[in-house]
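Engineer: What follows is the file work06.pdb, containing PDB, N, CA and C atoms:
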```pdb
ATOM      1  N   MET C 157       6.484 -27.240  64.762
ATOM      2  CA  MET C 157       7.879 -27.575  64.939
ATOM      3  C   MET C 157       8.187 -28.834  64.140
ATOM      4  N   LEU C 158       9.369 -28.868  63.544
ATOM      5  CA  LEU C 158       9.778 -30.019  62.764
ATOM      6  C   LEU C 158      10.374 -31.097  63.659
ATOM      7  N   ASN C 159      10.063 -32.353  63.347
ATOM      8  CA  ASN C 159      10.761 -33.437  64.036
ATOM      9  C   ASN C 159      12.089 -33.666  63.310
ATOM     10  N   PRO C 160      12.995 -34.487  63.842
ATOM     11  CA  PRO C 160      14.317 -34.650  63.224
ATOM     12  C   PRO C 160      14.274 -35.119  61.764
ATOM     13  N   LEU C 161      13.371 -36.016  61.418
ATOM     14  CA  LEU C 161      13.295 -36.471  60.027
ATOM     15  C   LEU C 161      12.808 -35.349  59.113
ATOM     16  N   GLN C 162      11.871 -34.562  59.591
ATOM     17  CA  GLN C 162      11.386 -33.442  58.794
ATOM     18  C   GLN C 162      12.490 -32.398  58.597
ATOM     19  N   ALA C 163      13.296 -32.178  59.613
ATOM     20  CA  ALA C 163      14.406 -31.242  59.495
ATOM     21  C   ALA C 163      15.404 -31.739  58.449
ATOM     22  N   ARG C 164      15.664 -33.035  58.432
ATOM     23  CA  ARG C 164      16.558 -33.606  57.416
ATOM     24  C   ARG C 164      15.965 -33.468  56.023
ATOM     25  N   GLU C 165      14.655 -33.695  55.907
ATOM     26  CA  GLU C 165      14.011 -33.547  54.608
ATOM     27  C   GLU C 165      14.101 -32.098  54.125
ATOM     28  N   LEU C 166      13.898 -31.157  55.025
ATOM     29  CA  LEU C 166      14.023 -29.746  54.667
ATOM     30  C   LEU C 166      15.456 -29.436  54.221
ATOM     31  N   ALA C 167      16.444 -29.977  54.924
ATOM     32  CA  ALA C 167      17.844 -29.776  54.540
ATOM     33  C   ALA C 167      18.100 -30.332  53.141
ATOM     34  N   ALA C 168      17.511 -31.485  52.826
ATOM     35  CA  ALA C 168      17.664 -32.071  51.493
ATOM     36  C   ALA C 168      17.050 -31.166  50.433
ATOM     37  N   GLU C 169      15.874 -30.627  50.717
ATOM     38  CA  GLU C 169      15.212 -29.726  49.771
ATOM     39  C   GLU C 169      16.056 -28.467  49.544
ATOM     40  N   LEU C 170      16.630 -27.927  50.615
ATOM     41  CA  LEU C 170      17.459 -26.728  50.491
ATOM     42  C   LEU C 170      18.742 -27.016  49.720
ATOM     43  N   ALA C 171      19.354 -28.168  49.972
ATOM     44  CA  ALA C 171      20.564 -28.547  49.237
ATOM     45  C   ALA C 171      20.259 -28.700  47.751
ATOM     46  N   ALA C 172      19.133 -29.318  47.441
ATOM     47  CA  ALA C 172      18.739 -29.483  46.037
ATOM     48  C   ALA C 172      18.436 -28.126  45.400
ATOM     49  N   ALA C 173      17.785 -27.242  46.146
ATOM     50  CA  ALA C 173      17.500 -25.901  45.622
ATOM     51  C   ALA C 173      18.799 -25.168  45.309
ATOM     52  N   ASN C 174      19.792 -25.333  46.158
ATOM     53  CA  ASN C 174      21.092 -24.723  45.909
ATOM     54  C   ASN C 174      21.700 -25.243  44.612
ATOM     55  N   MET C 175      21.535 -26.528  44.342
ATOM     56  CA  MET C 175      22.060 -27.107  43.109
ATOM     57  C   MET C 175      21.313 -26.589  41.875
ATOM     58  N   HIS C 176      20.068 -26.172  42.049
ATOM     59  CA  HIS C 176      19.258 -25.676  40.945
ATOM     60  C   HIS C 176      19.364 -24.153  40.754
ATOM     61  N   LEU C 177      20.118 -23.502  41.619
ATOM     62  CA  LEU C 177      20.256 -22.049  41.549
ATOM     63  C   LEU C 177      21.115 -21.658  40.355
ATOM     64  N   GLU C 178      20.551 -20.841  39.497
ATOM     65  CA  GLU C 178      21.233 -20.449  38.261
ATOM     66  C   GLU C 178      22.161 -19.254  38.474
ATOM     67  N   ASN C 179      21.769 -18.316  39.285
ATOM     68  CA  ASN C 179      22.560 -17.100  39.489
ATOM     69  C   ASN C 179      23.008 -17.018  40.954
ATOM     70  N   ARG C 180      24.069 -17.707  41.233
ATOM     71  CA  ARG C 180      24.585 -17.758  42.605
ATOM     72  C   ARG C 180      25.112 -16.394  43.058
ATOM     73  N   PRO C 181      25.073 -16.138  44.360
ATOM     74  CA  PRO C 181      25.677 -14.902  44.871
ATOM     75  C   PRO C 181      27.180 -14.900  44.604
ATOM     76  N   ASP C 182      27.744 -13.729  44.516
ATOM     77  CA  ASP C 182      29.177 -13.563  44.340
ATOM     78  C   ASP C 182      29.764 -13.193  45.701
ATOM     79  N   TYR C 183      30.660 -14.035  46.209
ATOM     80  CA  TYR C 183      31.278 -13.784  47.510
ATOM     81  C   TYR C 183      32.721 -13.343  47.302
ATOM     82  N   ARG C 184      33.155 -12.437  48.150
ATOM     83  CA  ARG C 184      34.563 -12.049  48.128
ATOM     84  C   ARG C 184      34.970 -11.534  49.505
ATOM     85  N   THR C 185      36.260 -11.472  49.689
ATOM     86  CA  THR C 185      36.819 -11.009  50.954
ATOM     87  C   THR C 185      37.504  -9.667  50.729
ATOM     88  N   LEU C 186      37.211  -8.720  51.590
ATOM     89  CA  LEU C 186      37.856  -7.409  51.544
ATOM     90  C   LEU C 186      38.773  -7.284  52.759
ATOM     91  N   MET C 187      39.991  -6.823  52.493
ATOM     92  CA  MET C 187      40.942  -6.661  53.585
ATOM     93  C   MET C 187      41.605  -5.286  53.416
ATOM     94  N   PRO C 188      40.971  -4.252  53.989
ATOM     95  CA  PRO C 188      41.483  -2.896  53.784
ATOM     96  C   PRO C 188      42.814  -2.616  54.490
ATOM     97  N   ASP C 189      43.169  -3.406  55.480
ATOM     98  CA  ASP C 189      44.436  -3.178  56.174
ATOM     99  C   ASP C 189      45.365  -4.377  55.959
ATOM    100  N   ALA C 190      46.647  -4.162  56.095
ATOM    101  CA  ALA C 190      47.640  -5.186  55.772
ATOM    102  C   ALA C 190      47.603  -6.392  56.710
ATOM    103  N   ASP C 191      47.228  -6.195  57.961
ATOM    104  CA  ASP C 191      47.267  -7.317  58.904
ATOM    105  C   ASP C 191      45.959  -8.113  58.945
ATOM    106  N   GLY C 192      44.960  -7.702  58.212
ATOM    107  CA  GLY C 192      43.710  -8.444  58.157
ATOM    108  C   GLY C 192      42.811  -8.259  59.360
ATOM    109  N   ALA C 193      43.104  -7.261  60.185
ATOM    110  CA  ALA C 193      42.303  -7.048  61.389
ATOM    111  C   ALA C 193      40.888  -6.587  61.056
ATOM    112  N   ASP C 194      40.728  -5.965  59.909
ATOM    113  CA  ASP C 194      39.414  -5.459  59.517
ATOM    114  C   ASP C 194      38.879  -6.261  58.323
ATOM    115  N   LEU C 195      38.997  -7.548  58.398
ATOM    116  CA  LEU C 195      38.574  -8.447  57.330
ATOM    117  C   LEU C 195      37.058  -8.419  57.176
ATOM    118  N   GLN C 196      36.587  -8.338  55.924
ATOM    119  CA  GLN C 196      35.155  -8.320  55.649
ATOM    120  C   GLN C 196      34.844  -9.344  54.565
ATOM    121  N   ILE C 197      33.791 -10.107  54.781
ATOM    122  CA  ILE C 197      33.301 -11.025  53.760
ATOM    123  C   ILE C 197      32.002 -10.439  53.241
ATOM    124  N   VAL C 198      31.935 -10.199  51.949
ATOM    125  CA  VAL C 198      30.765  -9.556  51.362
ATOM    126  C   VAL C 198      30.154 -10.467  50.299
ATOM    127  N   SER C 199      28.898 -10.236  50.060
ATOM    128  CA  SER C 199      28.173 -10.999  49.056
ATOM    129  C   SER C 199      27.361 -10.038  48.201
ATOM    130  N   GLU C 200      27.350 -10.296  46.918
ATOM    131  CA  GLU C 200      26.510  -9.523  46.011
ATOM    132  C   GLU C 200      25.518 -10.481  45.377
ATOM    133  N   VAL C 201      24.263 -10.089  45.397
ATOM    134  CA  VAL C 201      23.219 -10.929  44.806
ATOM    135  C   VAL C 201      22.586 -10.189  43.636
ATOM    136  N   ASP C 202      22.030 -10.951  42.747
ATOM    137  CA  ASP C 202      21.340 -10.385  41.589
ATOM    138  C   ASP C 202      20.166  -9.549  42.088
ATOM    139  N   PRO C 203      20.078  -8.290  41.703
ATOM    140  CA  PRO C 203      18.968  -7.447  42.175
ATOM    141  C   PRO C 203      17.595  -7.980  41.756
ATOM    142  N   ALA C 204      17.543  -8.775  40.700
ATOM    143  CA  ALA C 204      16.268  -9.341  40.246
ATOM    144  C   ALA C 204      15.847 -10.540  41.097
ATOM    145  N   GLY C 205      16.723 -11.002  41.969
ATOM    146  CA  GLY C 205      16.401 -12.149  42.814
ATOM    147  C   GLY C 205      16.934 -13.445  42.225
ATOM    148  N   PRO C 206      16.718 -14.533  42.941
ATOM    149  CA  PRO C 206      17.258 -15.813  42.475
ATOM    150  C   PRO C 206      16.526 -16.332  41.242
ATOM    151  N   ARG C 207      17.271 -17.042  40.391
ATOM    152  CA  ARG C 207      16.703 -17.743  39.240
ATOM    153  C   ARG C 207      17.104 -19.207  39.354
ATOM    154  N   PHE C 208      16.150 -20.070  39.130
ATOM    155  CA  PHE C 208      16.395 -21.495  39.254
ATOM    156  C   PHE C 208      16.188 -22.188  37.910
ATOM    157  N   VAL C 209      17.001 -23.200  37.649
ATOM    158  CA  VAL C 209      16.757 -24.068  36.500
ATOM    159  C   VAL C 209      15.567 -24.954  36.838
ATOM    160  N   ASP C 210      15.012 -25.626  35.857
ATOM    161  CA  ASP C 210      13.895 -26.525  36.114
ATOM    162  C   ASP C 210      14.274 -27.567  37.155
ATOM    163  N   LYS C 211      13.361 -27.861  38.038
ATOM    164  CA  LYS C 211      13.609 -28.791  39.135
ATOM    165  C   LYS C 211      13.846 -30.200  38.597
ATOM    166  N   ASP C 212      14.953 -30.775  38.994
ATOM    167  CA  ASP C 212      15.291 -32.152  38.644
ATOM    168  C   ASP C 212      14.982 -33.013  39.867
ATOM    169  N   TYR C 213      13.908 -33.766  39.788
ATOM    170  CA  TYR C 213      13.458 -34.545  40.937
ATOM    171  C   TYR C 213      14.445 -35.645  41.320
ATOM    172  N   ASP C 214      15.277 -36.076  40.376
ATOM    173  CA  ASP C 214      16.315 -37.055  40.707
ATOM    174  C   ASP C 214      17.358 -36.447  41.641
ATOM    175  N   VAL C 215      17.661 -35.168  41.447
ATOM    176  CA  VAL C 215      18.610 -34.482  42.333
ATOM    177  C   VAL C 215      18.016 -34.364  43.734
ATOM    178  N   VAL C 216      16.753 -33.966  43.814
ATOM    179  CA  VAL C 216      16.089 -33.868  45.118
ATOM    180  C   VAL C 216      16.060 -35.242  45.774
ATOM    181  N   GLY C 217      15.708 -36.268  45.008
ATOM    182  CA  GLY C 217      15.656 -37.629  45.530
ATOM    183  C   GLY C 217      17.009 -38.116  46.017
ATOM    184  N   PHE C 218      18.075 -37.741  45.312
ATOM    185  CA  PHE C 218      19.424 -38.122  45.737
ATOM    186  C   PHE C 218      19.714 -37.583  47.138
ATOM    187  N   TYR C 219      19.439 -36.288  47.333
ATOM    188  CA  TYR C 219      19.695 -35.681  48.645
ATOM    189  C   TYR C 219      18.789 -36.269  49.724
ATOM    190  N   LYS C 220      17.519 -36.483  49.392
ATOM    191  CA  LYS C 220      16.611 -37.072  50.383
ATOM    192  C   LYS C 220      17.084 -38.461  50.779
ATOM    193  N   HIS C 221      17.453 -39.262  49.793
ATOM    194  CA  HIS C 221      17.924 -40.618  50.102
ATOM    195  C   HIS C 221      19.182 -40.560  50.959
ATOM    196  N   PHE C 222      20.109 -39.676  50.603
ATOM    197  CA  PHE C 222      21.355 -39.560  51.358
ATOM    198  C   PHE C 222      21.097 -39.203  52.815
ATOM    199  N   LEU C 223      20.186 -38.262  53.063
ATOM    200  CA  LEU C 223      19.952 -37.778  54.423
ATOM    201  C   LEU C 223      18.928 -38.593  55.213
ATOM    202  N   LEU C 224      18.107 -39.393  54.523
ATOM    203  CA  LEU C 224      17.012 -40.095  55.217
ATOM    204  C   LEU C 224      17.056 -41.609  55.081
ATOM    205  N   GLN C 225      18.046 -42.151  54.397
ATOM    206  CA  GLN C 225      18.063 -43.587  54.158
ATOM    207  C   GLN C 225      18.084 -44.412  55.448
ATOM    208  N   HIS C 226      18.613 -43.854  56.519
ATOM    209  CA  HIS C 226      18.651 -44.573  57.794
ATOM    210  C   HIS C 226      17.250 -44.791  58.380
ATOM    211  N   ALA C 227      16.266 -44.027  57.906
ATOM    212  CA  ALA C 227      14.930 -44.061  58.504
ATOM    213  C   ALA C 227      13.923 -44.859  57.693
ATOM    214  N   VAL C 228      14.343 -45.544  56.658
ATOM    215  CA  VAL C 228      13.378 -46.198  55.770
ATOM    216  C   VAL C 228      12.927 -47.577  56.244
ATOM    217  N   ARG C 229      13.379 -48.025  57.371
ATOM    218  CA  ARG C 229      13.005 -49.353  57.871
ATOM    219  C   ARG C 229      11.518 -49.467  58.190
ATOM    220  N   ASN C 230      10.963 -48.446  58.791
ATOM    221  CA  ASN C 230       9.606 -48.540  59.320
ATOM    222  C   ASN C 230       8.703 -47.437  58.777
ATOM    223  N   VAL C 231       8.558 -47.376  57.478
ATOM    224  CA  VAL C 231       7.725 -46.346  56.876
ATOM    225  C   VAL C 231       6.453 -46.995  56.344
ATOM    226  N   ALA C 232       5.351 -46.650  56.986
ATOM    227  CA  ALA C 232       4.026 -47.169  56.593
ATOM    228  C   ALA C 232       4.097 -48.688  56.445
ATOM    229  N   ASP C 233       3.559 -49.212  55.371
ATOM    230  CA  ASP C 233       3.554 -50.663  55.157
ATOM    231  C   ASP C 233       4.530 -51.066  54.063
ATOM    232  N   ARG C 234       5.598 -50.327  53.905
ATOM    233  CA  ARG C 234       6.560 -50.585  52.848
ATOM    234  C   ARG C 234       7.796 -51.293  53.390
ATOM    235  N   THR C 235       8.451 -52.038  52.503
ATOM    236  CA  THR C 235       9.742 -52.619  52.859
ATOM    237  C   THR C 235      10.789 -51.509  52.823
ATOM    238  N   SER C 236      11.948 -51.775  53.390
ATOM    239  CA  SER C 236      13.042 -50.800  53.349
ATOM    240  C   SER C 236      13.421 -50.475  51.917
ATOM    241  N   ASP C 237      13.480 -51.500  51.053
ATOM    242  CA  ASP C 237      13.843 -51.278  49.657
ATOM    243  C   ASP C 237      12.807 -50.421  48.935
ATOM    244  N   GLU C 238      11.531 -50.669  49.208
ATOM    245  CA  GLU C 238      10.475 -49.873  48.575
ATOM    246  C   GLU C 238      10.564 -48.412  49.028
ATOM    247  N   SER C 239      10.756 -48.218  50.308
ATOM    248  CA  SER C 239      10.855 -46.850  50.830
ATOM    249  C   SER C 239      12.089 -46.140  50.291
ATOM    250  N   ALA C 240      13.212 -46.849  50.214
ATOM    251  CA  ALA C 240      14.439 -46.250  49.679
ATOM    252  C   ALA C 240      14.246 -45.845  48.223
ATOM    253  N   ALA C 241      13.576 -46.691  47.448
ATOM    254  CA  ALA C 241      13.317 -46.365  46.040
ATOM    255  C   ALA C 241      12.428 -45.130  45.928
ATOM    256  N   LEU C 242      11.411 -45.018  46.788
ATOM    257  CA  LEU C 242      10.531 -43.854  46.766
ATOM    258  C   LEU C 242      11.292 -42.582  47.155
ATOM    259  N   LEU C 243      12.212 -42.693  48.107
ATOM    260  CA  LEU C 243      13.040 -41.532  48.467
ATOM    261  C   LEU C 243      13.859 -41.079  47.272
ATOM    262  N   ARG C 244      14.514 -42.021  46.598
ATOM    263  CA  ARG C 244      15.345 -41.678  45.442
ATOM    264  C   ARG C 244      14.524 -41.026  44.327
ATOM    265  N   GLN C 245      13.252 -41.367  44.245
ATOM    266  CA  GLN C 245      12.359 -40.787  43.233
ATOM    267  C   GLN C 245      11.689 -39.498  43.737
ATOM    268  N   ASN C 246      12.001 -39.091  44.945
ATOM    269  CA  ASN C 246      11.377 -37.932  45.587
ATOM    270  C   ASN C 246       9.862 -38.126  45.692
ATOM    271  N   ARG C 247       9.448 -39.335  46.024
ATOM    272  CA  ARG C 247       8.022 -39.643  46.151
ATOM    273  C   ARG C 247       7.650 -40.082  47.563
ATOM    274  N   LEU C 248       8.539 -39.833  48.519
ATOM    275  CA  LEU C 248       8.278 -40.158  49.924
ATOM    276  C   LEU C 248       8.593 -38.919  50.741
ATOM    277  N   SER C 249       7.661 -38.544  51.602
ATOM    278  CA  SER C 249       7.844 -37.337  52.397
ATOM    279  C   SER C 249       7.559 -37.621  53.864
ATOM    280  N   PHE C 250       8.370 -37.009  54.710
ATOM    281  CA  PHE C 250       8.141 -37.033  56.149
ATOM    282  C   PHE C 250       7.502 -35.718  56.604
ATOM    283  N   MET C 251       7.395 -34.759  55.660
ATOM    284  CA  MET C 251       6.850 -33.442  55.997
ATOM    285  C   MET C 251       5.403 -33.267  55.557
ATOM    286  N   PHE C 252       5.024 -33.908  54.442
ATOM    287  CA  PHE C 252       3.691 -33.695  53.883
ATOM    288  C   PHE C 252       3.015 -35.023  53.579
ATOM    289  N   ASP C 253       1.703 -35.068  53.776
ATOM    290  CA  ASP C 253       0.957 -36.286  53.449
ATOM    291  C   ASP C 253       0.645 -36.307  51.948
ATOM    292  N   GLU C 254      -0.110 -37.301  51.525
ATOM    293  CA  GLU C 254      -0.416 -37.476  50.107
ATOM    294  C   GLU C 254      -1.194 -36.303  49.518
ATOM    295  N   GLN C 255      -1.891 -35.527  50.336
ATOM    296  CA  GLN C 255      -2.645 -34.369  49.876
ATOM    297  C   GLN C 255      -1.831 -33.070  49.966
ATOM    298  N   GLY C 256      -0.574 -33.159  50.395
ATOM    299  CA  GLY C 256       0.274 -31.986  50.511
ATOM    300  C   GLY C 256       0.097 -31.211  51.796
ATOM    301  N   VAL C 257      -0.558 -31.824  52.788
ATOM    302  CA  VAL C 257      -0.790 -31.174  54.077
ATOM    303  C   VAL C 257       0.373 -31.496  55.013
ATOM    304  N   PHE C 258       0.861 -30.469  55.713
ATOM    305  CA  PHE C 258       1.973 -30.657  56.653
ATOM    306  C   PHE C 258       1.608 -31.690  57.711
ATOM    307  N   ILE C 259       2.546 -32.575  58.006
ATOM    308  CA  ILE C 259       2.348 -33.628  59.005
ATOM    309  C   ILE C 259       2.820 -33.100  60.348
ATOM    310  N   ALA C 260       1.916 -32.572  61.126
ATOM    311  CA  ALA C 260       2.266 -31.952  62.393
ATOM    312  C   ALA C 260       2.550 -32.975  63.489
ATOM    313  N   GLU C 261       1.907 -34.128  63.421
ATOM    314  CA  GLU C 261       2.056 -35.099  64.508
ATOM    315  C   GLU C 261       3.283 -36.009  64.317
ATOM    316  N   GLY C 262       4.031 -35.826  63.247
ATOM    317  CA  GLY C 262       5.266 -36.570  63.063
ATOM    318  C   GLY C 262       5.115 -37.953  62.491
ATOM    319  N   LYS C 263       3.954 -38.317  61.988
ATOM    320  CA  LYS C 263       3.790 -39.635  61.359
ATOM    321  C   LYS C 263       4.543 -39.656  60.039
ATOM    322  N   GLN C 264       4.972 -40.842  59.640
ATOM    323  CA  GLN C 264       5.691 -41.008  58.394
ATOM    324  C   GLN C 264       4.768 -41.503  57.312
ATOM    325  N   HIS C 265       4.849 -40.923  56.114
ATOM    326  CA  HIS C 265       4.031 -41.335  54.975
ATOM    327  C   HIS C 265       4.910 -41.636  53.798
TER     328      HIS C 265
END
```
I'd like the structure from this file rewritten - as structure tokens, please.

Structural biologist:
Amino acid sequence: MLNPLQARELAAELAAANMHLENRPDYRTLMPDADGADLQIVSEVDPAGPRFVDKDYDVVGFYKHFLLQHAVRNVADRTSDESAALLRQNRLSFMFDEQGVFIAEGKQH
């Protein structure tokens, strides 16, 4: 289970992935009747699946900093400014340790 900071980090990653999506779904509204009682929202996706542009770590860092900047006061042995800079660089994670292993106990790295 994710702790609140990990959930925010995941949200940042998903927001950044959305920004990197090259072939977005096409959404439209269908209204077969005049009063809109049978309103339908449909989406069409590329049958080949999603395509992403190369990952821009500054974009990921922007979202992480935006969603996690309130939590940088007490991260490991770093100052708030150091932690904030690492977030902006996408080099600070609340989900994975330095070896890429999921942090199940909720410690901050």

Engineer: Can you list, as an mmCIF file with N, CA and C atoms, keeping the file's coordinate frame, all residues belonging to segment 157-264 of chain C that DSSP tags as helix (DSSP H, G or I)?

Structural biologist:
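The result, stored in result_10.cif:
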```
data_model
loop_
_atom_site.group_PDB
_atom_site.id
_atom_site.type_symbol
_atom_site.label_atom_id
_atom_site.label_comp_id
_atom_site.auth_asym_id
_atom_site.auth_seq_id
_atom_site.Cartn_x
_atom_site.Cartn_y
_atom_site.Cartn_z
ATOM 1 N N PRO C 160 12.995 -34.487 63.842
ATOM 2 C CA PRO C 160 14.317 -34.650 63.224
ATOM 3 C C PRO C 160 14.274 -35.119 61.764
ATOM 4 N N LEU C 161 13.371 -36.016 61.418
ATOM 5 C CA LEU C 161 13.295 -36.471 60.027
ATOM 6 C C LEU C 161 12.808 -35.349 59.113
ATOM 7 N N GLN C 162 11.871 -34.562 59.591
ATOM 8 C CA GLN C 162 11.386 -33.442 58.794
ATOM 9 C C GLN C 162 12.490 -32.398 58.597
ATOM 10 N N ALA C 163 13.296 -32.178 59.613
ATOM 11 C CA ALA C 163 14.406 -31.242 59.495
ATOM 12 C C ALA C 163 15.404 -31.739 58.449
ATOM 13 N N ARG C 164 15.664 -33.035 58.432
ATOM 14 C CA ARG C 164 16.558 -33.606 57.416
ATOM 15 C C ARG C 164 15.965 -33.468 56.023
ATOM 16 N N GLU C 165 14.655 -33.695 55.907
ATOM 17 C CA GLU C 165 14.011 -33.547 54.608
ATOM 18 C C GLU C 165 14.101 -32.098 54.125
ATOM 19 N N LEU C 166 13.898 -31.157 55.025
ATOM 20 C CA LEU C 166 14.023 -29.746 54.667
ATOM 21 C C LEU C 166 15.456 -29.436 54.221
ATOM 22 N N ALA C 167 16.444 -29.977 54.924
ATOM 23 C CA ALA C 167 17.844 -29.776 54.540
ATOM 24 C C ALA C 167 18.100 -30.332 53.141
ATOM 25 N N ALA C 168 17.511 -31.485 52.826
ATOM 26 C CA ALA C 168 17.664 -32.071 51.493
ATOM 27 C C ALA C 168 17.050 -31.166 50.433
ATOM 28 N N GLU C 169 15.874 -30.627 50.717
ATOM 29 C CA GLU C 169 15.212 -29.726 49.771
ATOM 30 C C GLU C 169 16.056 -28.467 49.544
ATOM 31 N N LEU C 170 16.630 -27.927 50.615
ATOM 32 C CA LEU C 170 17.459 -26.728 50.491
ATOM 33 C C LEU C 170 18.742 -27.016 49.720
ATOM 34 N N ALA C 171 19.354 -28.168 49.972
ATOM 35 C CA ALA C 171 20.564 -28.547 49.237
ATOM 36 C C ALA C 171 20.259 -28.700 47.751
ATOM 37 N N ALA C 172 19.133 -29.318 47.441
ATOM 38 C CA ALA C 172 18.739 -29.483 46.037
ATOM 39 C C ALA C 172 18.436 -28.126 45.400
ATOM 40 N N ALA C 173 17.785 -27.242 46.146
ATOM 41 C CA ALA C 173 17.500 -25.901 45.622
ATOM 42 C C ALA C 173 18.799 -25.168 45.309
ATOM 43 N N ASN C 174 19.792 -25.333 46.158
ATOM 44 C CA ASN C 174 21.092 -24.723 45.909
ATOM 45 C C ASN C 174 21.700 -25.243 44.612
ATOM 46 N N MET C 175 21.535 -26.528 44.342
ATOM 47 C CA MET C 175 22.060 -27.107 43.109
ATOM 48 C C MET C 175 21.313 -26.589 41.875
ATOM 49 N N HIS C 176 20.068 -26.172 42.049
ATOM 50 C CA HIS C 176 19.258 -25.676 40.945
ATOM 51 C C HIS C 176 19.364 -24.153 40.754
ATOM 52 N N TYR C 213 13.908 -33.766 39.788
ATOM 53 C CA TYR C 213 13.458 -34.545 40.937
ATOM 54 C C TYR C 213 14.445 -35.645 41.320
ATOM 55 N N ASP C 214 15.277 -36.076 40.376
ATOM 56 C CA ASP C 214 16.315 -37.055 40.707
ATOM 57 C C ASP C 214 17.358 -36.447 41.641
ATOM 58 N N VAL C 215 17.661 -35.168 41.447
ATOM 59 C CA VAL C 215 18.610 -34.482 42.333
ATOM 60 C C VAL C 215 18.016 -34.364 43.734
ATOM 61 N N VAL C 216 16.753 -33.966 43.814
ATOM 62 C CA VAL C 216 16.089 -33.868 45.118
ATOM 63 C C VAL C 216 16.060 -35.242 45.774
ATOM 64 N N GLY C 217 15.708 -36.268 45.008
ATOM 65 C CA GLY C 217 15.656 -37.629 45.530
ATOM 66 C C GLY C 217 17.009 -38.116 46.017
ATOM 67 N N PHE C 218 18.075 -37.741 45.312
ATOM 68 C CA PHE C 218 19.424 -38.122 45.737
ATOM 69 C C PHE C 218 19.714 -37.583 47.138
ATOM 70 N N TYR C 219 19.439 -36.288 47.333
ATOM 71 C CA TYR C 219 19.695 -35.681 48.645
ATOM 72 C C TYR C 219 18.789 -36.269 49.724
ATOM 73 N N LYS C 220 17.519 -36.483 49.392
ATOM 74 C CA LYS C 220 16.611 -37.072 50.383
ATOM 75 C C LYS C 220 17.084 -38.461 50.779
ATOM 76 N N HIS C 221 17.453 -39.262 49.793
ATOM 77 C CA HIS C 221 17.924 -40.618 50.102
ATOM 78 C C HIS C 221 19.182 -40.560 50.959
ATOM 79 N N PHE C 222 20.109 -39.676 50.603
ATOM 80 C CA PHE C 222 21.355 -39.560 51.358
ATOM 81 C C PHE C 222 21.097 -39.203 52.815
ATOM 82 N N LEU C 223 20.186 -38.262 53.063
ATOM 83 C CA LEU C 223 19.952 -37.778 54.423
ATOM 84 C C LEU C 223 18.928 -38.593 55.213
ATOM 85 N N LEU C 224 18.107 -39.393 54.523
ATOM 86 C CA LEU C 224 17.012 -40.095 55.217
ATOM 87 C C LEU C 224 17.056 -41.609 55.081
ATOM 88 N N GLN C 225 18.046 -42.151 54.397
ATOM 89 C CA GLN C 225 18.063 -43.587 54.158
ATOM 90 C C GLN C 225 18.084 -44.412 55.448
ATOM 91 N N HIS C 226 18.613 -43.854 56.519
ATOM 92 C CA HIS C 226 18.651 -44.573 57.794
ATOM 93 C C HIS C 226 17.250 -44.791 58.380
ATOM 94 N N ALA C 227 16.266 -44.027 57.906
ATOM 95 C CA ALA C 227 14.930 -44.061 58.504
ATOM 96 C C ALA C 227 13.923 -44.859 57.693
ATOM 97 N N VAL C 228 14.343 -45.544 56.658
ATOM 98 C CA VAL C 228 13.378 -46.198 55.770
ATOM 99 C C VAL C 228 12.927 -47.577 56.244
ATOM 100 N N ARG C 229 13.379 -48.025 57.371
ATOM 101 C CA ARG C 229 13.005 -49.353 57.871
ATOM 102 C C ARG C 229 11.518 -49.467 58.190
ATOM 103 N N ASN C 230 10.963 -48.446 58.791
ATOM 104 C CA ASN C 230 9.606 -48.540 59.320
ATOM 105 C C ASN C 230 8.703 -47.437 58.777
ATOM 106 N N SER C 236 11.948 -51.775 53.390
ATOM 107 C CA SER C 236 13.042 -50.800 53.349
ATOM 108 C C SER C 236 13.421 -50.475 51.917
ATOM 109 N N ASP C 237 13.480 -51.500 51.053
ATOM 110 C CA ASP C 237 13.843 -51.278 49.657
ATOM 111 C C ASP C 237 12.807 -50.421 48.935
ATOM 112 N N GLU C 238 11.531 -50.669 49.208
ATOM 113 C CA GLU C 238 10.475 -49.873 48.575
ATOM 114 C C GLU C 238 10.564 -48.412 49.028
ATOM 115 N N SER C 239 10.756 -48.218 50.308
ATOM 116 C CA SER C 239 10.855 -46.850 50.830
ATOM 117 C C SER C 239 12.089 -46.140 50.291
ATOM 118 N N ALA C 240 13.212 -46.849 50.214
ATOM 119 C CA ALA C 240 14.439 -46.250 49.679
ATOM 120 C C ALA C 240 14.246 -45.845 48.223
ATOM 121 N N ALA C 241 13.576 -46.691 47.448
ATOM 122 C CA ALA C 241 13.317 -46.365 46.040
ATOM 123 C C ALA C 241 12.428 -45.130 45.928
ATOM 124 N N LEU C 242 11.411 -45.018 46.788
ATOM 125 C CA LEU C 242 10.531 -43.854 46.766
ATOM 126 C C LEU C 242 11.292 -42.582 47.155
ATOM 127 N N LEU C 243 12.212 -42.693 48.107
ATOM 128 C CA LEU C 243 13.040 -41.532 48.467
ATOM 129 C C LEU C 243 13.859 -41.079 47.272
ATOM 130 N N ARG C 244 14.514 -42.021 46.598
ATOM 131 C CA ARG C 244 15.345 -41.678 45.442
ATOM 132 C C ARG C 244 14.524 -41.026 44.327
#
```

Engineer: As a list in words, please: all residues of chain C that backbone DSSP puts in strand (DSSP E or B).

Structural biologist: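 Output for chain C, strand (DSSP E or B) only: Leu177, Asp182, Tyr183, Arg184, Thr185, Leu186, Gln196, Ile197, Val198, Ser199, Glu200, Phe208, Phe252 and Phe258 of chain C.
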
Engineer: So which one's closest to Asp253 of chain C, C:Ala232, C:Leu186, C:Ala168, C:Glu238? Using only C-alpha atoms, please.

Structural biologist: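 Checking each candidate against Asp253 of chain C, we get C:Ala232 as the closest.
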
Engineer: How far is it from atom C of Leu161 of chain C to atom CA of Phe250 of chain C, in Å with one decimal?

Structural biologist: 5.8 Å

Engineer: Fewer than 4 positions away in the same chain doesn't count, so skip those; otherwise give me all residues within 8 Å of Gln196 of chain C, counting all atoms listed in the file, as number ranges by chain.

Structural biologist: C: 184-188, 192

Engineer: Run the PyMOL selection byres ((chain C and resi 157) around 7) mentally over the shown coordinates, then write out the matched residues as a PyMOL selection string, using the chain letters and numbers from the document.

Structural biologist: chain C and resi 158-159+260
